[in-house]
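Engineer: Structure provided below as structure tokens; questions to follow.
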Amino acid sequence: MKNQYAQNIQAITIGIVLALILLLGSSSFVIINPGEAGVLSILGKSRDGALLEGIHIKPPLISKVDVYDVTVQKFEVPAKSATRDLQDLTGRFAINFRLDPTQVVTIRRTQGSLENIVAKIIAPQTQESFKIAGAKKTAEESITQRSALKEDFDNALSGRLEKYGVIVIDTSVIDLNFSTDFAKAVEEKQIAEQRAQRAVYIAREAEQEAQADINRAQGRSEAQRLLAETLKAQGGELVLQKEAIQAWREGGAQMPKVLVLGKDAPRVPFLFNLGNVEGDS
């Protein structure tokens, strides 16, 4: 009976030892996956040097590893600014960023969690960066030079977040709005510009039409001058007679039975319709 009891105690002891060995063994290393970085703390004090992807040995029981996601994150934040001409400007931005893996120890010591970084660093720095970018442009320039406004914002935000171990990948302007009064003023200006452009078009059209009338008048005058010179030249009377006959035909009138010509006849042929004379008699 005593031997059986001793054997049971021995088996339990061996089990406990094996469990402790497994526990100590499993807590003696840590695996950091791709897209992650770790911070090793021993007895509550973080050690220098980030743990990058791979397997790392650590002291069992007295150490802890905080793992940070260093893949690209997205955060949307509203921001408000004033333009150079003191117009209110509001916007909403999507910030794509990631943590610098080599700076996670500093981030752990100064900010703690990713949530703290977003709330205490990225959000307020986005506000400040938008104020800097907005103040460089007038309200109208903020509309017509939107890409330049975004570039100024990106440069300001990247410079401010870099020192906190945050790398800005890209930003997107989701929304950009002005005050109601300014939006109304812009609309009225656009309407006025459209009316002015319409007036310019009408004026140019009238000018072109007037020039066309002048050209037509000059053409008729030149034609008359050439005709007069033709009539003055030798054989000009024949030309005039031919045109008169052609005009008579085109007018649909019946050609006369008698055509009186002669040196005493007028320049335009004197047409005498004998049929009409017979009808009158």
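Chain labels run A, B, ... following the order of the structure tokens; each chain numbers its residues from 1, and ligands are numbered from 1 in the order shown.
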Tell me, as a CSV table (one decimal) with C-alpha atoms, in the first residue's frame, which residues lie within 12 Å of Gly49 of chain A, counting only C-alpha atoms; anything in the same chain fewer than 4 positions away does not count.
Structural biologist:
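As a result, around21.csv now contains:
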```csv
chain,number,residue,atom,x,y,z
A,37,ALA,CA,7.0,44.1,-34.3
A,38,GLY,CA,7.4,43.4,-30.7
A,39,VAL,CA,8.7,45.2,-27.6
A,40,LEU,CA,10.3,43.1,-24.9
A,41,SER,CA,9.8,44.1,-21.3
A,101,PRO,CA,8.9,48.9,-36.9
A,102,THR,CA,12.2,50.2,-35.7
A,103,GLN,CA,10.5,52.8,-33.5
A,104,VAL,CA,8.0,50.6,-31.7
A,105,VAL,CA,10.0,50.7,-28.5
A,106,THR,CA,9.8,54.5,-28.4
A,107,ILE,CA,6.1,54.3,-29.3
A,108,ARG,CA,5.6,51.8,-26.4
```
Engineer: Let's see if you can do this: from backbone DSSP, list all strand (DSSP E or B) residues in segment 34-64 of chain A, as a compact mmCIF listing (two decimals) with C-alpha atoms, in the first residue's frame.
Structural biologist:
```txt
# COMPACT_ATOMS: atom_id res chain seq x y z
CA GLU A 36 4.32 42.71 -36.65
CA ALA A 37 6.98 44.14 -34.35
CA GLY A 38 7.44 43.40 -30.66
CA VAL A 39 8.69 45.20 -27.57
CA LEU A 40 10.31 43.06 -24.86
CA SER A 41 9.77 44.14 -21.27
CA ILE A 42 11.56 42.49 -18.31
CA LYS A 45 10.97 47.75 -18.09
CA SER A 46 11.08 47.78 -21.88
CA LEU A 51 11.71 42.39 -32.03
CA GLY A 54 11.05 35.62 -36.51
CA ILE A 55 11.63 33.67 -33.27
CA HIS A 56 13.18 35.37 -30.21
CA ILE A 57 14.35 34.03 -26.83
CA SER A 63 9.20 39.00 -19.22
CA LYS A 64 6.42 40.20 -21.49
```
Engineer: Atom CA of Asp69 of chain A to atom CA of Gly91 of chain A: how many Å, to one decimal?
Structural biologist: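 For atom CA of Asp69 of chain A relative to atom CA of Gly91 of chain A, the distance reads 28.1 Å.
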Engineer: So, with only C-alpha atoms as the atoms that count, which of A:Thr138, A:Pro59, A:Gly35, A:Gln73 lies closest to Glu115 of chain A?
Structural biologist: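 Closest residue, counting only C-alpha atoms: A:Gln73.
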Engineer: Can you tell me, as a short mmCIF file (atom, residue, chain, number, x, y, z; two decimals) with N, CA, C and O atoms, in the first residue's frame, which residues in segment 57-128 of chain A count as helix (DSSP H, G or I) by DSSP?
Structural biologist:
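Saved as states31.cif:
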```
data_model
loop_
_atom_site.label_atom_id
_atom_site.label_comp_id
_atom_site.auth_asym_id
_atom_site.auth_seq_id
_atom_site.Cartn_x
_atom_site.Cartn_y
_atom_site.Cartn_z
N PRO A 101 8.56 50.05 -37.77
CA PRO A 101 8.91 48.89 -36.92
C PRO A 101 10.10 49.16 -36.01
O PRO A 101 10.16 48.62 -34.90
N THR A 102 11.05 49.96 -36.46
CA THR A 102 12.25 50.21 -35.66
C THR A 102 11.98 51.18 -34.52
O THR A 102 12.84 51.36 -33.65
N GLN A 103 10.78 51.82 -34.53
CA GLN A 103 10.48 52.82 -33.51
C GLN A 103 9.42 52.35 -32.51
O GLN A 103 8.94 53.16 -31.71
N VAL A 104 9.06 51.06 -32.55
CA VAL A 104 7.97 50.62 -31.69
C VAL A 104 8.34 50.67 -30.21
O VAL A 104 7.46 50.81 -29.35
N VAL A 105 9.63 50.57 -29.88
CA VAL A 105 10.02 50.68 -28.47
C VAL A 105 9.73 52.08 -27.96
O VAL A 105 9.17 52.27 -26.86
N THR A 106 10.10 53.09 -28.77
CA THR A 106 9.81 54.47 -28.39
C THR A 106 8.31 54.70 -28.31
O THR A 106 7.81 55.39 -27.41
N ILE A 107 7.57 54.15 -29.27
CA ILE A 107 6.12 54.28 -29.27
C ILE A 107 5.53 53.65 -28.01
O ILE A 107 4.63 54.21 -27.37
N ARG A 108 6.05 52.49 -27.62
CA ARG A 108 5.58 51.81 -26.41
C ARG A 108 5.83 52.66 -25.18
O ARG A 108 5.00 52.75 -24.28
N ARG A 109 6.99 53.30 -25.12
CA ARG A 109 7.35 54.09 -23.95
C ARG A 109 6.59 55.42 -23.89
O ARG A 109 6.26 55.89 -22.80
N THR A 110 6.30 56.01 -25.03
CA THR A 110 5.70 57.35 -25.04
C THR A 110 4.18 57.35 -25.23
O THR A 110 3.48 58.18 -24.64
N LEU A 114 -1.83 51.50 -29.98
CA LEU A 114 -2.17 52.10 -31.26
C LEU A 114 -3.33 53.08 -31.12
O LEU A 114 -3.37 54.12 -31.78
N GLU A 115 -4.28 52.75 -30.27
CA GLU A 115 -5.43 53.64 -30.05
C GLU A 115 -4.98 55.00 -29.51
O GLU A 115 -5.50 56.05 -29.90
N ASN A 116 -4.01 54.97 -28.61
CA ASN A 116 -3.48 56.24 -28.08
C ASN A 116 -2.77 57.04 -29.17
O ASN A 116 -2.86 58.27 -29.20
N ILE A 117 -2.08 56.35 -30.05
CA ILE A 117 -1.38 57.05 -31.14
C ILE A 117 -2.38 57.77 -32.02
O ILE A 117 -2.18 58.93 -32.40
N VAL A 118 -3.47 57.08 -32.37
CA VAL A 118 -4.49 57.69 -33.24
C VAL A 118 -5.15 58.87 -32.55
O VAL A 118 -5.30 59.95 -33.13
N ALA A 119 -5.55 58.67 -31.29
CA ALA A 119 -6.30 59.72 -30.58
C ALA A 119 -5.42 60.90 -30.16
O ALA A 119 -5.85 62.06 -30.25
N LYS A 120 -4.20 60.62 -29.72
CA LYS A 120 -3.37 61.67 -29.14
C LYS A 120 -2.36 62.28 -30.11
O LYS A 120 -1.87 63.38 -29.87
N ILE A 121 -2.06 61.57 -31.19
CA ILE A 121 -1.05 62.06 -32.12
C ILE A 121 -1.64 62.36 -33.50
O ILE A 121 -1.59 63.51 -33.97
N ILE A 122 -2.20 61.34 -34.14
CA ILE A 122 -2.62 61.50 -35.54
C ILE A 122 -3.76 62.50 -35.67
O ILE A 122 -3.73 63.38 -36.54
N ALA A 123 -4.79 62.39 -34.83
CA ALA A 123 -5.95 63.30 -34.94
C ALA A 123 -5.56 64.76 -34.75
O ALA A 123 -5.87 65.60 -35.60
N PRO A 124 -4.88 65.14 -33.66
CA PRO A 124 -4.53 66.56 -33.49
C PRO A 124 -3.52 67.06 -34.53
O PRO A 124 -3.61 68.22 -34.96
N GLN A 125 -2.59 66.21 -34.96
CA GLN A 125 -1.62 66.63 -35.96
C GLN A 125 -2.29 66.83 -37.33
O GLN A 125 -1.86 67.67 -38.13
N THR A 126 -3.32 66.06 -37.59
CA THR A 126 -4.10 66.27 -38.82
C THR A 126 -4.77 67.64 -38.80
O THR A 126 -4.78 68.36 -39.81
N GLN A 127 -5.32 68.00 -37.67
CA GLN A 127 -5.95 69.32 -37.52
C GLN A 127 -4.93 70.43 -37.78
O GLN A 127 -5.19 71.38 -38.53
N GLU A 128 -3.78 70.34 -37.14
CA GLU A 128 -2.76 71.37 -37.29
C GLU A 128 -2.24 71.46 -38.72
O GLU A 128 -2.02 72.55 -39.25
#
```
Engineer: Please list as a list in words every residue within 12 Å of Glu141 of chain A, counting only C-alpha atoms and excluding residues in the same chain fewer than 6 positions away.
Structural biologist: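 What passes the distance filter is Thr83, Arg84, Asp85, Gln87, Leu89, Ala133, Gly134, Ala135, Ser147, Ala148, Leu149, Lys150 and Val186 of chain A.
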Engineer: At what distance in Å, to one decimal, does atom CA of Ala196 of chain A lie from atom CA of Asn215 of chain A?
Structural biologist: 28.3 Å
Engineer: In Å, with one decimal, what is the gap from atom CA of Asn155 of chain A to atom CA of Asp100 of chain A?
Structural biologist: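 Atom CA of Asp100 of chain A lies 17.8 Å from atom CA of Asn155 of chain A.
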